[in-house]
Structure formats: C-alpha cells, structure tokens
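Source file: query-v7.pdb. Holds: PDB, C-alpha atoms and all ligand atoms.
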```pdb
ATOM      1  CA  MET T 448       0.000   0.000   0.000
ATOM      2  CA  PRO T 449       1.449   3.440  -0.914
ATOM      3  CA  ARG T 450       2.465   5.551   2.072
ATOM      4  CA  ASP T 451       0.682   8.739   3.027
ATOM      5  CA  VAL T 452       2.490  11.906   1.993
ATOM      6  CA  HIS T 453       1.960  14.845   4.374
ATOM      7  CA  PHE T 454       2.398  18.164   2.587
ATOM      8  CA  ILE T 455       2.801  20.954   5.173
ATOM      9  CA  ILE T 456       2.292  24.503   3.933
ATOM     10  CA  GLY T 457       3.631  27.107   6.350
ATOM     11  CA  ALA T 458       6.155  24.513   7.556
ATOM     12  CA  SER T 459       8.609  27.157   8.771
ATOM     13  CA  GLY T 460       6.067  28.883  11.031
ATOM     14  CA  GLN T 461       5.252  28.348  14.706
ATOM     15  CA  LEU T 462       2.741  25.534  14.269
ATOM     16  CA  GLY T 463       4.244  24.102  11.067
ATOM     17  CA  THR T 464       7.715  23.642  12.552
ATOM     18  CA  GLU T 465       6.472  21.632  15.532
ATOM     19  CA  PHE T 466       3.978  19.618  13.500
ATOM     20  CA  ALA T 467       6.579  18.739  10.851
ATOM     21  CA  LEU T 468       8.998  17.636  13.547
ATOM     22  CA  GLU T 469       6.385  15.463  15.231
ATOM     23  CA  LEU T 470       5.344  13.735  11.986
ATOM     24  CA  HIS T 471       8.958  13.243  10.914
ATOM     25  CA  ARG T 472       9.887  11.746  14.319
ATOM     26  CA  SER T 473       6.995   9.318  14.102
ATOM     27  CA  GLY T 474       8.267   8.069  10.737
ATOM     28  CA  GLU T 475       5.716   9.738   8.448
ATOM     29  CA  ARG T 476       6.649  10.957   4.975
ATOM     30  CA  VAL T 477       6.684  14.733   5.123
ATOM     31  CA  VAL T 478       7.142  17.416   2.468
ATOM     32  CA  LEU T 479       7.702  20.949   3.746
ATOM     33  CA  ALA T 480       6.571  24.079   1.913
ATOM     34  CA  ASP T 481       6.904  27.739   2.848
ATOM     35  CA  ILE T 482       8.178  31.034   1.486
ATOM     36  CA  LYS T 483      11.138  30.771   3.880
ATOM     37  CA  HIS T 484      13.400  27.839   4.725
ATOM     38  CA  PRO T 485      12.886  25.976   8.019
ATOM     39  CA  ALA T 486      14.978  27.468  10.825
ATOM     40  CA  LEU T 487      15.290  24.205  12.725
ATOM     41  CA  ASP T 488      18.338  22.027  11.941
ATOM     42  CA  ALA T 489      16.281  18.865  12.500
ATOM     43  CA  LEU T 490      14.110  19.785   9.498
ATOM     44  CA  ARG T 491      16.836  20.887   7.101
ATOM     45  CA  ASP T 492      17.284  17.509   5.416
ATOM     46  CA  LEU T 493      13.592  16.994   4.682
ATOM     47  CA  PRO T 494      12.189  17.730   1.207
ATOM     48  CA  PHE T 495      11.475  21.474   1.068
ATOM     49  CA  ILE T 496       9.617  23.450  -1.601
ATOM     50  CA  CYS T 497       9.793  27.197  -1.632
ATOM     51  CA  LEU T 498       6.326  28.368  -2.650
ATOM     52  CA  ASP T 499       3.754  31.067  -2.125
ATOM     53  CA  VAL T 500       0.372  29.484  -1.334
ATOM     54  CA  ARG T 501      -1.327  32.290  -3.297
ATOM     55  CA  ASP T 502       0.150  30.895  -6.527
ATOM     56  CA  ARG T 503      -2.481  28.337  -7.509
ATOM     57  CA  ASP T 504      -0.562  26.818 -10.439
ATOM     58  CA  VAL T 505       2.557  26.195  -8.382
ATOM     59  CA  VAL T 506       0.538  24.783  -5.481
ATOM     60  CA  ALA T 507      -1.384  22.442  -7.813
ATOM     61  CA  ALA T 508       1.778  21.289  -9.611
ATOM     62  CA  GLU T 509       3.695  20.594  -6.389
ATOM     63  CA  LEU T 510       0.860  18.759  -4.650
ATOM     64  CA  LYS T 511       0.596  16.528  -7.714
ATOM     65  CA  ARG T 512       4.357  16.079  -8.188
ATOM     66  CA  GLN T 513       4.852  15.102  -4.531
ATOM     67  CA  GLY T 514       1.855  12.750  -4.512
ATOM     68  CA  ALA T 515       0.357  14.561  -1.508
ATOM     69  CA  THR T 516      -2.338  12.584   0.292
ATOM     70  CA  HIS T 517      -2.727  14.917   3.290
ATOM     71  CA  VAL T 518      -2.446  18.703   3.078
ATOM     72  CA  HIS T 519      -1.879  20.687   6.269
ATOM     73  CA  HIS T 520      -2.356  24.317   5.328
ATOM     74  CA  LEU T 521      -0.859  26.317   8.207
ATOM     75  CA  ALA T 522       0.259  29.519   6.473
ATOM     76  CA  ALA T 523      -1.671  32.606   7.644
ATOM     77  CA  ALA T 524      -1.467  36.276   8.521
ATOM     78  CA  LEU T 525      -2.430  36.618  12.215
ATOM     79  CA  SER T 526      -4.693  39.128  13.917
ATOM     80  CA  ALA T 527      -2.467  42.094  14.783
ATOM     81  CA  ARG T 528      -0.609  42.203  11.478
ATOM     82  CA  GLY T 529      -3.919  41.673   9.704
ATOM     83  CA  GLU T 530      -5.307  44.902  11.174
ATOM     84  CA  GLN T 531      -2.281  46.796   9.892
ATOM     85  CA  GLU T 532      -2.254  45.245   6.411
ATOM     86  CA  PRO T 533      -5.876  44.204   5.797
ATOM     87  CA  GLN T 534      -5.758  43.615   2.041
ATOM     88  CA  TRP T 535      -2.569  41.591   2.223
ATOM     89  CA  ALA T 536      -3.925  39.516   5.142
ATOM     90  CA  TRP T 537      -7.253  38.857   3.431
ATOM     91  CA  ASP T 538      -5.538  37.853   0.205
ATOM     92  CA  LEU T 539      -3.071  35.508   1.894
ATOM     93  CA  ASN T 540      -5.647  33.884   4.161
ATOM     94  CA  MET T 541      -8.458  33.514   1.642
ATOM     95  CA  ARG T 542      -6.683  32.946  -1.662
ATOM     96  CA  GLY T 543      -4.333  30.441  -0.020
ATOM     97  CA  LEU T 544      -7.188  28.396   1.426
ATOM     98  CA  LEU T 545      -9.298  28.505  -1.738
ATOM     99  CA  ASN T 546      -6.330  27.339  -3.812
ATOM    100  CA  ILE T 547      -5.837  24.317  -1.572
ATOM    101  CA  LEU T 548      -9.541  23.437  -1.467
ATOM    102  CA  GLU T 549      -9.914  23.721  -5.237
ATOM    103  CA  VAL T 550      -6.872  21.569  -5.903
ATOM    104  CA  ALA T 551      -8.117  18.999  -3.346
ATOM    105  CA  ALA T 552     -11.506  18.920  -5.109
ATOM    106  CA  GLU T 553      -9.768  18.277  -8.457
ATOM    107  CA  HIS T 554      -7.100  15.780  -7.314
ATOM    108  CA  ARG T 555      -8.869  12.929  -5.608
ATOM    109  CA  THR T 556      -5.504  11.577  -4.426
ATOM    110  CA  ILE T 557      -5.674  14.246  -1.706
ATOM    111  CA  ALA T 558      -7.566  12.396   1.014
ATOM    112  CA  GLN T 559      -7.751  15.177   3.601
ATOM    113  CA  VAL T 560      -7.094  18.871   4.243
ATOM    114  CA  PHE T 561      -6.343  20.271   7.701
ATOM    115  CA  TRP T 562      -6.663  24.032   8.125
ATOM    116  CA  PRO T 563      -6.593  25.826  11.486
ATOM    117  CA  SER T 564      -9.319  28.229  12.515
ATOM    118  CA  SER T 565      -9.086  30.460  15.594
ATOM    119  CA  ILE T 566     -10.836  31.940  18.636
ATOM    120  CA  ALA T 567     -10.828  35.078  16.466
ATOM    121  CA  VAL T 568     -14.054  33.914  14.775
ATOM    122  CA  PHE T 569     -15.853  35.190  17.888
ATOM    123  CA  GLY T 570     -16.588  38.855  18.460
ATOM    124  CA  PRO T 571     -17.368  41.077  21.453
ATOM    125  CA  ASP T 572     -21.104  40.349  21.315
ATOM    126  CA  ASN T 573     -20.425  36.797  22.439
ATOM    127  CA  GLY T 574     -19.753  37.071  26.190
ATOM    128  CA  PRO T 575     -16.906  35.431  28.106
ATOM    129  CA  VAL T 576     -17.623  31.796  27.146
ATOM    130  CA  ALA T 577     -17.883  30.951  23.458
ATOM    131  CA  GLU T 578     -20.215  28.060  22.699
ATOM    132  CA  GLN T 579     -19.355  25.665  19.853
ATOM    133  CA  ASN T 580     -21.946  27.093  17.524
ATOM    134  CA  GLY T 581     -22.256  30.400  19.346
ATOM    135  CA  HIS T 582     -22.834  33.704  17.628
ATOM    136  CA  ARG T 583     -19.905  34.817  15.482
ATOM    137  CA  LEU T 584     -19.439  38.416  14.497
ATOM    138  CA  PRO T 585     -15.664  38.887  14.282
ATOM    139  CA  GLU T 586     -14.310  42.414  14.218
ATOM    140  CA  THR T 587     -10.820  41.748  12.825
ATOM    141  CA  VAL T 588      -9.756  40.989   9.269
ATOM    142  CA  TYR T 589      -8.112  37.828  10.568
ATOM    143  CA  GLY T 590     -11.315  36.768  12.361
ATOM    144  CA  ILE T 591     -13.449  37.450   9.304
ATOM    145  CA  SER T 592     -11.051  35.406   7.163
ATOM    146  CA  LYS T 593     -11.197  32.499   9.638
ATOM    147  CA  GLN T 594     -14.973  32.613   9.807
ATOM    148  CA  ALA T 595     -15.246  32.707   6.008
ATOM    149  CA  GLY T 596     -12.629  29.946   5.798
ATOM    150  CA  GLU T 597     -14.729  27.696   8.023
ATOM    151  CA  GLN T 598     -17.670  28.232   5.722
ATOM    152  CA  TRP T 599     -15.588  27.578   2.611
ATOM    153  CA  CYS T 600     -14.376  24.299   4.118
ATOM    154  CA  ALA T 601     -18.007  23.313   4.807
ATOM    155  CA  TRP T 602     -18.960  24.266   1.235
ATOM    156  CA  PHE T 603     -16.188  22.187  -0.342
ATOM    157  CA  ARG T 604     -17.090  19.260   1.901
ATOM    158  CA  LYS T 605     -20.757  19.467   0.897
ATOM    159  CA  HIS T 606     -20.377  20.142  -2.825
ATOM    160  CA  HIS T 607     -17.091  18.391  -3.663
ATOM    161  CA  GLY T 608     -16.667  15.785  -0.913
ATOM    162  CA  VAL T 609     -13.368  17.285   0.304
ATOM    163  CA  ASP T 610     -12.574  15.838   3.750
ATOM    164  CA  THR T 611     -11.674  18.996   5.702
ATOM    165  CA  ARG T 612     -10.739  19.036   9.390
ATOM    166  CA  SER T 613     -10.363  22.097  11.575
ATOM    167  CA  VAL T 614     -10.078  23.334  15.158
ATOM    168  CA  ARG T 615     -10.327  26.837  16.619
ATOM    169  CA  TYR T 616      -6.923  27.437  18.145
ATOM    170  CA  PRO T 617      -6.380  29.822  21.055
ATOM    171  CA  GLY T 618      -2.991  31.525  21.625
ATOM    172  CA  LEU T 619      -0.264  28.904  21.118
ATOM    173  CA  ILE T 620       2.842  28.799  23.309
ATOM    174  CA  GLY T 621       5.848  26.615  22.567
ATOM    175  CA  GLU T 622       9.565  26.445  23.174
ATOM    176  CA  LEU T 623      10.744  25.943  19.593
ATOM    177  CA  CYS T 624       9.465  28.696  17.392
ATOM    178  CA  PRO T 625       8.028  32.190  17.980
ATOM    179  CA  PRO T 626       4.692  33.281  16.491
ATOM    180  CA  GLY T 627       4.506  36.510  14.509
ATOM    181  CA  GLY T 628       1.871  39.176  14.243
ATOM    182  CA  GLY T 629      -0.666  37.805  16.739
ATOM    183  CA  THR T 630      -2.465  39.334  19.725
ATOM    184  CA  THR T 631      -1.659  36.415  22.025
ATOM    185  CA  ASP T 632       2.082  36.687  21.165
ATOM    186  CA  TYR T 633       2.876  38.434  24.479
ATOM    187  CA  ALA T 634       2.562  35.052  26.212
ATOM    188  CA  VAL T 635       5.456  33.721  24.119
ATOM    189  CA  GLU T 636       7.662  36.797  23.752
ATOM    190  CA  VAL T 637       7.678  37.424  27.526
ATOM    191  CA  PHE T 638       9.886  34.346  27.904
ATOM    192  CA  ASP T 639      12.621  36.139  25.948
ATOM    193  CA  HIS T 640      12.579  38.912  28.589
ATOM    194  CA  LEU T 641      12.939  36.821  31.738
ATOM    195  CA  HIS T 642      16.376  38.047  32.720
ATOM    196  CA  GLY T 643      16.460  41.512  31.152
ATOM    197  CA  THR T 644      17.443  44.616  33.096
ATOM    198  CA  GLU T 645      14.295  46.441  31.935
ATOM    199  CA  PRO T 646      10.717  45.355  32.815
ATOM    200  CA  TYR T 647       8.954  43.445  30.034
ATOM    201  CA  PRO T 648       6.605  45.905  28.255
ATOM    202  CA  CYS T 649       3.362  43.939  27.935
ATOM    203  CA  PHE T 650       1.085  45.237  25.177
ATOM    204  CA  LEU T 651      -2.107  43.988  26.891
ATOM    205  CA  ARG T 652      -3.704  45.078  30.184
ATOM    206  CA  GLU T 653      -2.880  42.868  33.161
ATOM    207  CA  ASP T 654      -6.486  41.596  33.516
ATOM    208  CA  THR T 655      -7.008  40.551  29.872
ATOM    209  CA  VAL T 656      -8.100  36.904  30.062
ATOM    210  CA  LEU T 657      -7.591  34.879  26.869
ATOM    211  CA  PRO T 658      -7.671  31.176  26.001
ATOM    212  CA  MET T 659      -4.164  29.706  25.568
ATOM    213  CA  MET T 660      -2.591  26.311  24.851
ATOM    214  CA  HIS T 661       0.824  24.684  24.982
ATOM    215  CA  MET T 662       2.120  23.519  21.611
ATOM    216  CA  GLN T 663       2.123  19.885  22.753
ATOM    217  CA  ASP T 664      -1.670  20.037  22.981
ATOM    218  CA  ALA T 665      -1.988  22.022  19.743
ATOM    219  CA  ILE T 666      -0.106  19.259  17.911
ATOM    220  CA  GLY T 667      -2.046  16.596  19.817
ATOM    221  CA  ALA T 668      -5.361  18.112  18.700
ATOM    222  CA  MET T 669      -4.196  18.181  15.108
ATOM    223  CA  LEU T 670      -3.012  14.565  15.179
ATOM    224  CA  GLN T 671      -6.228  13.463  16.855
ATOM    225  CA  ILE T 672      -8.701  15.225  14.590
ATOM    226  CA  THR T 673      -6.838  14.197  11.427
ATOM    227  CA  SER T 674      -6.673  10.533  12.389
ATOM    228  CA  VAL T 675     -10.277   9.816  13.376
ATOM    229  CA  GLU T 676     -12.760   8.303  10.910
ATOM    230  CA  ALA T 677     -14.616  10.923   8.831
ATOM    231  CA  ASP T 678     -17.966  10.022  10.377
ATOM    232  CA  ARG T 679     -16.712  11.154  13.815
ATOM    233  CA  ILE T 680     -16.572  14.732  12.471
ATOM    234  CA  ARG T 681     -20.159  15.735  13.084
ATOM    235  CA  ASN T 682     -19.761  19.468  13.315
ATOM    236  CA  GLU T 683     -20.165  21.512  10.129
ATOM    237  CA  GLU T 684     -17.523  24.054  11.098
ATOM    238  CA  ALA T 685     -14.265  24.066  13.082
ATOM    239  CA  TYR T 686     -14.255  22.620  16.613
ATOM    240  CA  ASN T 687     -13.723  24.710  19.756
ATOM    241  CA  ILE T 688     -10.806  23.380  21.806
ATOM    242  CA  GLN T 689      -9.933  24.686  25.279
ATOM    243  CA  ALA T 690      -6.825  24.076  27.377
ATOM    244  CA  MET T 691      -6.344  26.974  29.837
ATOM    245  CA  SER T 692      -7.302  30.638  30.219
ATOM    246  CA  PHE T 693      -5.258  33.300  31.988
ATOM    247  CA  ASP T 694      -4.469  36.994  32.028
ATOM    248  CA  PRO T 695      -0.981  38.548  31.907
ATOM    249  CA  ALA T 696      -0.946  39.141  35.685
ATOM    250  CA  THR T 697      -1.526  35.419  36.365
ATOM    251  CA  LEU T 698       1.097  34.339  33.824
ATOM    252  CA  PHE T 699       3.684  36.749  35.234
ATOM    253  CA  ALA T 700       2.982  35.623  38.835
ATOM    254  CA  GLU T 701       3.631  32.034  37.735
ATOM    255  CA  ILE T 702       6.861  33.126  36.005
ATOM    256  CA  ARG T 703       7.992  34.820  39.250
ATOM    257  CA  ARG T 704       7.822  31.457  41.025
ATOM    258  CA  HIS T 705      10.804  30.483  38.852
ATOM    259  CA  VAL T 706      12.402  33.879  38.229
ATOM    260  CA  PRO T 707      11.685  36.025  41.324
ATOM    261  CA  GLY T 708      13.361  39.084  39.797
ATOM    262  CA  PHE T 709      11.143  39.118  36.692
ATOM    263  CA  ARG T 710       9.379  42.452  36.206
ATOM    264  CA  ALA T 711       6.760  43.626  33.732
ATOM    265  CA  GLU T 712       4.927  46.830  32.998
ATOM    266  CA  PHE T 713       1.686  47.260  31.104
ATOM    267  CA  GLN T 714       1.547  49.427  27.995
ATOM    268  CA  PRO T 715      -1.636  48.422  26.165
ATOM    269  CA  ASP T 716      -1.598  49.291  22.454
ATOM    270  CA  PHE T 717      -3.958  48.652  19.503
ATOM    271  CA  ARG T 718      -3.891  44.927  20.261
ATOM    272  CA  GLN T 719      -5.902  45.535  23.456
ATOM    273  CA  ALA T 720      -9.042  46.217  21.400
ATOM    274  CA  ILE T 721      -8.538  42.955  19.481
ATOM    275  CA  ALA T 722      -8.137  40.968  22.711
ATOM    276  CA  ASP T 723     -11.176  42.689  24.266
ATOM    277  CA  GLY T 724     -13.308  41.320  21.434
ATOM    278  CA  TRP T 725     -12.314  37.676  22.052
ATOM    279  CA  PRO T 726     -13.849  35.238  24.556
ATOM    280  CA  ASP T 727     -12.157  34.276  27.836
ATOM    281  CA  ARG T 728     -12.679  30.587  27.171
ATOM    282  CA  LEU T 729     -14.284  28.173  24.724
ATOM    283  CA  ASP T 730     -16.818  25.454  25.406
ATOM    284  CA  ASP T 731     -15.187  22.385  23.850
ATOM    285  CA  THR T 732     -17.802  19.752  24.774
ATOM    286  CA  ALA T 733     -18.375  18.842  21.098
ATOM    287  CA  ALA T 734     -14.663  18.130  20.457
ATOM    288  CA  ARG T 735     -14.483  16.019  23.621
ATOM    289  CA  GLN T 736     -17.561  14.029  22.647
ATOM    290  CA  ASP T 737     -16.969  13.640  18.913
ATOM    291  CA  TRP T 738     -13.259  12.798  18.731
ATOM    292  CA  GLY T 739     -11.992  12.558  22.279
ATOM    293  CA  TRP T 740     -10.217  15.916  22.686
ATOM    294  CA  SER T 741      -8.579  16.382  26.069
ATOM    295  CA  PRO T 742      -5.672  18.750  26.870
ATOM    296  CA  THR T 743      -2.654  17.613  28.886
ATOM    297  CA  VAL T 744      -0.599  20.713  29.786
ATOM    298  CA  ALA T 745      -1.783  23.192  32.469
ATOM    299  CA  LEU T 746      -0.309  26.620  33.278
ATOM    300  CA  PRO T 747       2.295  25.536  35.897
ATOM    301  CA  GLU T 748       3.787  22.941  33.530
ATOM    302  CA  LEU T 749       3.671  25.324  30.576
ATOM    303  CA  VAL T 750       5.597  27.980  32.486
ATOM    304  CA  ALA T 751       8.117  25.485  33.878
ATOM    305  CA  ARG T 752       8.849  24.205  30.369
ATOM    306  CA  MET T 753       9.149  27.654  28.827
ATOM    307  CA  VAL T 754      11.368  28.989  31.636
ATOM    308  CA  SER T 755      13.597  25.949  31.437
ATOM    309  CA  ALA T 756      13.908  26.252  27.632
ATOM    310  CA  LYS T 757      14.727  29.963  27.831
ATOM    311  CA  SER T 758      17.086  29.771  30.827
ATOM    312  CA  PRO T 759      19.151  26.634  30.218
ATOM    313  CA  ALA T 760      21.691  27.550  32.891
ATOM    314  CA  LEU T 761      19.048  28.135  35.589
ATOM    315  CA  GLU T 762      17.335  25.776  37.967
ATOM    316  CA  ALA T 763      13.767  25.624  36.641
ATOM    317  CA  GLU T 764      12.161  24.298  39.849
ATOM    318  CA  PRO T 765       9.674  26.775  41.364
ATOM    319  CA  ASP T 766      10.397  28.273  44.805
ATOM    320  CA  LEU T 767       7.749  26.500  46.854
TER     321      LEU T 767
HETATM  322  C1  LIG M 801      -3.535  35.638  17.179
HETATM  323  O1  LIG M 801      -3.283  36.158  18.275
HETATM  324  O2  LIG M 801      -3.820  36.300  16.172
HETATM  325  C2  LIG M 801      -3.544  34.130  17.072
HETATM  326  C3  LIG M 801      -4.885  33.532  17.280
HETATM  327  C4  LIG M 801      -5.540  33.619  18.587
HETATM  328  O3  LIG M 801      -5.433  32.964  16.385
HETATM  329  N1  LIG M 801      -2.625  33.583  18.027
END
```

Output the file's structure in the form of structure tokens.
Ligand code: AKB
Amino acid sequence: MPRDVHFIIGASGQLGTEFALELHRSGERVVLADIKHPALDALRDLPFICLDVRDRDVVAAELKRQGATHVHHLAAALSARGEQEPQWAWDLNMRGLLNILEVAAEHRTIAQVFWPSSIAVFGPDNGPVAEQNGHRLPETVYGISKQAGEQWCAWFRKHHGVDTRSVRYPGLIGELCPPGGGTTDYAVEVFDHLHGTEPYPCFLREDTVLPMMHMQDAIGAMLQITSVEADRIRNEEAYNIQAMSFDPATLFAEIRRHVPGFRAEFQPDFRQAIADGWPDRLDDTAARQDWGWSPTVALPELVARMVSAKSPALEAEPDL
C-alpha cells in the first residue's frame, strides 16, 4: 500500500515547525513548503519546496508532483498584522485556502485537508464563554477570514466531498518557534525577557483573560482530529478546543515562582481592542464528545517548560 504523503504549507512557522517535527519523528513521509526555509536544523534535510500558497498553479503542480495525500495548510497572517495590512492579510488567508480546497476537489488523491481556525471567529457580542456554535461576528480581518474559511471548508465538503478538518486554536505557546503578528504573542515573547534589566513591556492590560494552549496540545489536537474516521466529524464548522485561560498578571505571577526578579509593565496598544473582542474561554464539549479531545498541559507545567527552555543555565524548579 502506498504511504501517506503529508504536505505541510507554512512549515517554517510556529505551528508548522512543531507539526513537521512530530510527523517526521513518528516516521511519516513529510514534504515541507513555505516562502522561507525551516529554521530548525532537525528539518533541514527533509524535502522542502519554496512556494507562495497564493500561486495556484505552483501549489497544484507541487501537490501533484509530490503525490500529496494529506495537506496541512498552516500559512496565515495573524490578527495584529492583519489589522495593519488588511488587504494583504485577506488575500493571503483567503486565496491560499481557496487554492488548496480547489486543488483537493480536483485531485482525488488528496484524502484530507487540515486548516486551522481560531478563537478570532468570535466577536465582542459573544460574552466570556464561546459556545461551539455560538454567535460569530468577528471584528478583525483575521477573524473574518477564519470565519469565512470555516464556511468555505463546509462548502467544499458538501459540494465536492473534500474531507476537511479544523479546530479553533487559542494563543499557542511553545519552546521551539516564535509566532509573529498575533495578539496572544505576548505570552510567548515574555519568555525572551525573563532576565532583562528592563521590565517586560506587555502590550495587553494585566487583567485581559484569553484562552491559551501549549504547543504539545496544539499538535495533539491536530493529530487526533486528522486521524479519526470521517464520520466522527459531526460538526459543520471548526471545533472549539480549550486548554487553559489566563491573564498577563496570572502568567507573570507564575513566572515569578521560577524567576523572582522578573518584572513587567503594562503598555496596552492597539492589540488591546482585538483581545477585548475575544472570549475568555471556549466550550469544547463537542470536540471532547466527537473525537476525544482532552488537553494535557496546564499553566504551571507550561511555564516550567518555557522557563527551562529559555534559561538553560538556571534551575527551573519553582520556589515553593
Ligand atoms: C492571534 O493572536 O492572532 C492568534 C490567534 C488567537 O489565532 N494567536
């Protein structure tokens, strides 16, 4: 039986890097694609194609040439950058996804497409807890593109039988690769300021609660939802997944258990308004029931792992 070929678009980004590494380590055949080369040494010897997902002809030719059976389309402009460059963000997020879905509808050798949605599909009218099929009125370009993307995936599934899978990711935090251009990025970039002489300038207010997740669970969700039988995917749109929710003050207090001298100050900027429009947490009952979603990393472990990765010479045990 021919082996599956996992074609990862956005393979040099935060999620793509960790997902590619995980699949490669578990012996899967992986082809990486991005506009920039992977930064991680462990990925340098894997097949890499330099491409722009907006170029439909190139995308179609490469998916065919590589015999892709599974497409993981992880390239996107995130929320903060999207507000600054709306046309560019819309074009990248929408044209990229439509290219993949169209090619998947034409090439039946592509068995499945994974594409991440986001908490950004929810808007300020929603209240603190976002239900699975709760009201969605996003106020950012990024959120609108994710909401439209969910509907495009549903349309291609209904009219062309494309097997699409998707989850709504919260802010993702991992040791390997930084995000870029998001509103939840403070919770990653703070770990590069643990031992600075100046306080970390946090761009959100200290009481801004947002849903967050360690990368181990983000990858776990992706592996889980892409490996279950198609009939377990009962929801028309992307699934809510929840791991933890915290505000900057809570995160920084946890950091101080490891790095007592860590200091931060709060200088909210335009990203505050984006964060204010998002829910505090997501109701993920449907994901738990339909395909067994369950997170594994809580805030204390997340912080311990990040501090240890960013301070190799330090003792990472908390002062109890
Ligand atoms: C962002 O902050 O834009 C992303 C997201 C929540 O989707 N991390």

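Distance-wise, CA of Arg612 (chain T) and CA of Ala480 (chain T) end up 19.5 Å apart.
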
For region 650-666 of chain T, please output as a ChimeraX atom specification all residues within 7 Å (counting only C-alpha atoms; exclusion window: fewer than 2 positions along the same chain). /T:466,617-621,648,668-670,689-696,713-716,718-719,726-728,742-744,749

Any chance you could work out the residue set of the PyMOL selection byres (((chain T and resi 516) around 8) and not hetatm) here, as JSON, numbers by chain? {"T": [451, 452, 453, 454, 514, 515, 517, 518, 556, 557, 558, 559]}

Could you save the residues just selected, with C-alpha atoms, as an mmCIF file, in the coordinates of the input?
```
data_model
loop_
_atom_site.group_PDB
_atom_site.id
_atom_site.type_symbol
_atom_site.label_atom_id
_atom_site.label_comp_id
_atom_site.auth_asym_id
_atom_site.auth_seq_id
_atom_site.Cartn_x
_atom_site.Cartn_y
_atom_site.Cartn_z
ATOM 1 C CA ASP T 451 0.682 8.739 3.027
ATOM 2 C CA VAL T 452 2.490 11.906 1.993
ATOM 3 C CA HIS T 453 1.960 14.845 4.374
ATOM 4 C CA PHE T 454 2.398 18.164 2.587
ATOM 5 C CA GLY T 514 1.855 12.750 -4.512
ATOM 6 C CA ALA T 515 0.357 14.561 -1.508
ATOM 7 C CA HIS T 517 -2.727 14.917 3.290
ATOM 8 C CA VAL T 518 -2.446 18.703 3.078
ATOM 9 C CA THR T 556 -5.504 11.577 -4.426
ATOM 10 C CA ILE T 557 -5.674 14.246 -1.706
ATOM 11 C CA ALA T 558 -7.566 12.396 1.014
ATOM 12 C CA GLN T 559 -7.751 15.177 3.601
#
```

Please write as a ChimeraX atom specification the full residue list that the PyMOL selection byres (((chain T and resi 564) around 12) and not hetatm) yields on this file. /T:520-526,540,544,561-563,565-569,589-600,611-618,669,684-688

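Compared by their closest atoms to ligand LIG 801 (chain M), and using all atoms listed in the file, the residues T:Ser459, T:Thr631, T:Ser755, T:Asn580 rank with T:Thr631 nearest.
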
Emit as JSON the padded axis-aligned box for all listed atoms of region 629-632 of chain T, 6 Å per side, with centre and edge lengths in Å to one decimal.
```
{"center_x": -0.2, "center_y": 37.9, "center_z": 19.4, "size_x": 16.5, "size_y": 14.9, "size_z": 17.3}
```

To one decimal in Å, tell me the separation between CA of Pro485 (chain T) and CA of Tyr647 (chain T). 28.4 Å

Separation of CA of Asp723 (chain T) from CA of Ala536 (chain T), in Å and rounded to one decimal: 20.7 Å

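Every protein, DNA or RNA residue with an atom at most 10 Å from Phe603 (chain T), where only C-alpha atoms count and chain neighbours fewer than 4 positions away do not, is listed here: Leu545, Leu548, Glu549, Ala551, Ala552, Gln598, Trp599, His607, Gly608, Val609, Asp610 and Thr611 of chain T.
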
Run the PyMOL selection byres (((chain T and resi 578) around 9) and not hetatm) against the file shown and list the residues it catches, as a ChimeraX atom specification. /T:573,576-577,579-582,687,729-732

Restricting it to C-alpha atoms, dump the selection as a PDB file, keeping the file's coordinate frame.
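File out_7.pdb, as written:
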```
ATOM      1  CA  ASN T 573     -20.425  36.797  22.439  1.00  0.00           C
ATOM      2  CA  VAL T 576     -17.623  31.796  27.146  1.00  0.00           C
ATOM      3  CA  ALA T 577     -17.883  30.951  23.458  1.00  0.00           C
ATOM      4  CA  GLN T 579     -19.355  25.665  19.853  1.00  0.00           C
ATOM      5  CA  ASN T 580     -21.946  27.093  17.524  1.00  0.00           C
ATOM      6  CA  GLY T 581     -22.256  30.400  19.346  1.00  0.00           C
ATOM      7  CA  HIS T 582     -22.834  33.704  17.628  1.00  0.00           C
ATOM      8  CA  ASN T 687     -13.723  24.710  19.756  1.00  0.00           C
ATOM      9  CA  LEU T 729     -14.284  28.173  24.724  1.00  0.00           C
ATOM     10  CA  ASP T 730     -16.818  25.454  25.406  1.00  0.00           C
ATOM     11  CA  ASP T 731     -15.187  22.385  23.850  1.00  0.00           C
ATOM     12  CA  THR T 732     -17.802  19.752  24.774  1.00  0.00           C
TER      13      THR T 732
END
```

Between T:Arg583, T:Leu623, T:Glu553, T:Asn546, which one has atoms that come closest to Asp488 (chain T), using all atoms listed in the file? T:Leu623

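Around the coordinate (2.0, 5.8, 9.1), residues that reach within 8 Å when counting all atoms listed in the file are Arg450, Asp451, Ser473, Gly474 and Glu475 of chain T.
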
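Distances here use all atoms listed in the file; by that measure, the residue among T:His471, T:Arg501, T:Lys605, T:Arg476 closest to Ala489 (chain T) is T:His471.
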
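Closest approach to ligand LIG 801 (chain M) from the set T:Arg604, T:Arg472, T:Arg528, T:His554 is made by T:Arg528, with distances taken over only C-alpha atoms and all ligand atoms.
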
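Shortest separation to ligand LIG 801 (chain M) among T:Leu498, T:Gly629, T:Arg679, T:Gly529 occurs at residue T:Gly629, atoms counted being only C-alpha atoms and all ligand atoms.
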
Skip Asp481 (chain T) itself and residues of its chain fewer than 5 positions away, then list as number ranges by chain all residues within 10 Å of it, counting only C-alpha atoms. T: 455-460, 463, 495-500, 521-522

Can I get region 470-478 of chain T with N, CA and C atoms filled in, as an mmCIF file, in the coordinates of the input?
```cif
data_model
loop_
_atom_site.group_PDB
_atom_site.id
_atom_site.type_symbol
_atom_site.label_atom_id
_atom_site.label_comp_id
_atom_site.auth_asym_id
_atom_site.auth_seq_id
_atom_site.Cartn_x
_atom_site.Cartn_y
_atom_site.Cartn_z
ATOM 1 N N LEU T 470 5.646 14.745 13.014
ATOM 2 C CA LEU T 470 5.344 13.735 11.986
ATOM 3 C C LEU T 470 6.621 13.031 11.533
ATOM 4 N N HIS T 471 7.685 13.808 11.359
ATOM 5 C CA HIS T 471 8.958 13.243 10.914
ATOM 6 C C HIS T 471 9.477 12.244 11.953
ATOM 7 N N ARG T 472 9.412 12.634 13.241
ATOM 8 C CA ARG T 472 9.887 11.746 14.319
ATOM 9 C C ARG T 472 9.088 10.464 14.390
ATOM 10 N N SER T 473 7.789 10.545 14.015
ATOM 11 C CA SER T 473 6.995 9.318 14.102
ATOM 12 C C SER T 473 7.067 8.510 12.805
ATOM 13 N N GLY T 474 7.989 8.880 11.917
ATOM 14 C CA GLY T 474 8.267 8.069 10.737
ATOM 15 C C GLY T 474 7.385 8.348 9.534
ATOM 16 N N GLU T 475 6.591 9.417 9.593
ATOM 17 C CA GLU T 475 5.716 9.738 8.448
ATOM 18 C C GLU T 475 6.533 10.398 7.324
ATOM 19 N N ARG T 476 6.014 10.271 6.112
ATOM 20 C CA ARG T 476 6.649 10.957 4.975
ATOM 21 C C ARG T 476 6.139 12.387 4.922
ATOM 22 N N VAL T 477 7.067 13.336 4.989
ATOM 23 C CA VAL T 477 6.684 14.733 5.123
ATOM 24 C C VAL T 477 7.340 15.559 4.021
ATOM 25 N N VAL T 478 6.581 16.438 3.408
ATOM 26 C CA VAL T 478 7.142 17.416 2.468
ATOM 27 C C VAL T 478 6.838 18.802 3.040
#
```
